[in-house]
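Engineer: Provided herewith is a single structure, encoded as structure tokens, for subsequent inquiry.
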Amino acid sequence: MLINKLEQNRNINFFLNKIYHLLLSEKFSKKINFDFDKRNRIDLIKYIIEKKNYKNYLEIGCHKNEVFDKINIEKIGVDPVSGGNYRGFSDDFFRENKKSFDCIFIDGLHEYDQVKRDIVNSIKILNRDGMIILHDCLPPSINHQRVPRTRYTWNGDVWKAIVETRTWEHVDTYTVLADQGLGVIKNNPNTNKLDLKNNSFKNLKYKFFYENYNKIMRTITYEEFLKII
């Protein structure tokens, strides 16, 4: 009964959010047919860990432990509801944490403000030569990226945080064409800085993403990325 009630409430919220977007949000109907590699985030993370001989791992957002259970090195998983081994929000974890990590996977709340905080906080504790991986960076339609959320299959606006990191000097960012878009942030100086004069990345439009995603996201195939790890 509780699960049914939660689902009912979620569907009501989706309906109300759709009305909000219908009245107040950007209108754009074109879609992107991404040619995603069949390999997924688990494959990439495990390959990176083995290739770089990483010793420890942090995961932000551990729904059902789909990824967390597959990682076989020292690990911490952060989630306020289920999975992992730290029950709480990522902001709380970062305030309390004293450790540094080789590999960090961010798959928590898919909204720009939270994603940016998770990226900034992760960079602070990322070991030299470490990497951050993010899920859901390439929404195929405006409905997949709308915030507040209107559907079950949803990427959110993670992409806006990736675009912002592309403009930073101190990290090198790519987006791998696999598994709904896998953002990868390497802990070394930016080798292809995005020159984008924007004071509010949160307000970037999906139309802009649609027209420029290859450049602003620095998209790269799975195979191409394996060659530069």
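Chain lettering (A, B, ...) mirrors the order of the structure tokens, residue numbering begins at 1 for each chain separately, and ligand numbering begins at 1 in order of display.
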Would you please give, as an MDAnalysis selection string, all residues of segment 70-229 of chain A that DSSP assigns to strand (DSSP E or B) based on the backbone?

Structural biologist: chainID A and resid 74:79 86:87 101:106 126:134 172:176 178 182:186 219:220

Engineer: The selected residues should be written to file as a CSV table (one decimal), in the first residue's frame (atoms: C-alpha atoms).

Structural biologist:
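Result file follows (selection11.csv):
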```
chain,number,residue,atom,x,y,z
A,74,GLU,CA,38.0,-0.2,-0.9
A,75,LYS,CA,34.8,1.8,-1.3
A,76,ILE,CA,32.2,4.2,0.2
A,77,GLY,CA,28.7,4.6,-1.2
A,78,VAL,CA,26.6,7.6,-0.3
A,79,ASP,CA,22.8,7.6,-0.5
A,86,TYR,CA,26.8,5.8,4.2
A,87,ARG,CA,23.2,6.8,4.8
A,101,PHE,CA,39.8,9.0,-3.5
A,102,ASP,CA,41.1,7.7,-6.8
A,103,CYS,CA,37.8,7.2,-8.6
A,104,ILE,CA,34.5,8.9,-7.9
A,105,PHE,CA,31.2,8.1,-9.5
A,106,ILE,CA,28.4,10.8,-9.3
A,126,LEU,CA,40.4,13.6,-5.8
A,127,ASN,CA,43.8,12.0,-5.7
A,128,ARG,CA,46.4,13.0,-8.2
A,129,ASP,CA,45.7,11.2,-11.5
A,130,GLY,CA,42.2,10.4,-10.3
A,131,MET,CA,39.0,10.5,-12.3
A,132,ILE,CA,35.4,11.5,-11.7
A,133,ILE,CA,32.6,9.8,-13.8
A,134,LEU,CA,29.1,11.1,-14.1
A,172,ASP,CA,40.0,18.1,-18.2
A,173,THR,CA,36.5,17.0,-19.1
A,174,TYR,CA,35.0,14.6,-21.8
A,175,THR,CA,31.6,13.0,-22.4
A,176,VAL,CA,31.7,9.4,-23.5
A,178,ALA,CA,27.7,5.5,-23.9
A,182,LEU,CA,29.2,9.4,-19.3
A,183,GLY,CA,31.0,12.5,-18.2
A,184,VAL,CA,34.6,12.0,-17.2
A,185,ILE,CA,36.6,14.6,-15.4
A,186,LYS,CA,40.4,14.0,-15.2
A,219,THR,CA,31.8,14.1,-26.9
A,220,ILE,CA,34.1,11.1,-27.6
```

Engineer: I want to know what sits within 9 Å of segment 162-166 of chain A, based on only C-alpha atoms, with residues of the same chain fewer than 3 positions away left out; could you give that as a list in words?

Structural biologist: Val115, Lys116, Ile119, Leu134, Cys137, Val158, Trp159, Glu169, Val171, Asp172, Thr173, Tyr174, Thr175, Gly183, Val184, Ile185, Asn190, Asn192, Lys193, Leu194, Asp195, Leu196, Asn198, Phe201, Ile216, Met217 and Arg218 of chain A

Engineer: So that I can see what lies close to Asn121 of chain A, please list as a VMD selection string the residues with an atom at most 7 Å from it, counting only C-alpha atoms and leaving out residues fewer than 4 positions away in the same chain.

Structural biologist: chain A and resid 94 117 125

Engineer: Could you work out how far atom CA of Leu226 of chain A lies from atom CA of Glu66 of chain A, giving the answer in Å with one decimal?

Structural biologist: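 Taking atom CA of Glu66 of chain A as the start and atom CA of Leu226 of chain A as the end point, the length is 22.5 Å.
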
Engineer: Skipping near chain neighbours, those fewer than 6 positions away, what residues fall within 8 Å of Gly181 of chain A using only C-alpha atoms, listed as a PyMOL selection string?

Structural biologist: chain A and resi 36+135-139+175

Engineer: Step one, run DSSP on the backbone; step two, keep only residues of segment 186-223 of chain A assigned to alpha helix (DSSP H); then write them as a ChimeraX atom specification.

Structural biologist: /A:206-217,222-223

Engineer: Hey, which of A:Asn214, A:Ser90, A:Gln180, A:Ser141 ends up closest to Asp118 of chain A? Count only C-alpha atoms.

Structural biologist: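 So, comparing all the options, the nearest one is A:Ser90.
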
Engineer: Can you pull out every residue within 9 Å of Lys30 of chain A, counting only C-alpha atoms, but drop anything in the same chain fewer than 6 positions away, and send it as number ranges by chain?

Structural biologist: A: 140-142, 207, 210

Engineer: Kindly save the residues from that selection, with C-alpha atoms included, as a PDB file, in the first residue's frame.

Structural biologist:
```
ATOM      1  CA  PRO A 140      17.913  13.010 -25.999  1.00  0.00           C
ATOM      2  CA  SER A 141      14.998  15.446 -25.660  1.00  0.00           C
ATOM      3  CA  ILE A 142      13.916  18.458 -23.667  1.00  0.00           C
ATOM      4  CA  LYS A 207      18.046  24.363 -27.913  1.00  0.00           C
ATOM      5  CA  TYR A 210      20.831  20.436 -29.246  1.00  0.00           C
TER       6      TYR A 210
END
```

Engineer: Name all residues at most 10 Å from Arg146 of chain A (count only C-alpha atoms; drop same-chain ones fewer than 4 positions away) and give them as a PyMOL selection string.

Structural biologist: chain A and resi 17-18+21+25-26+111+139+141-142+150-151+154-157+206

Engineer: Which residue is closest to Val81 of chain A? Choose from A:Lys99, A:Ile60, A:Val67, A:Leu177 and count only C-alpha atoms.

Structural biologist: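 Nearest to Val81 of chain A: A:Ile60.
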
Engineer: Looking at only C-alpha atoms, which of A:Thr221, A:Asp37, A:Arg95, A:Asp107 is the one that sits closest to Cys62 of chain A?

Structural biologist: A:Asp107
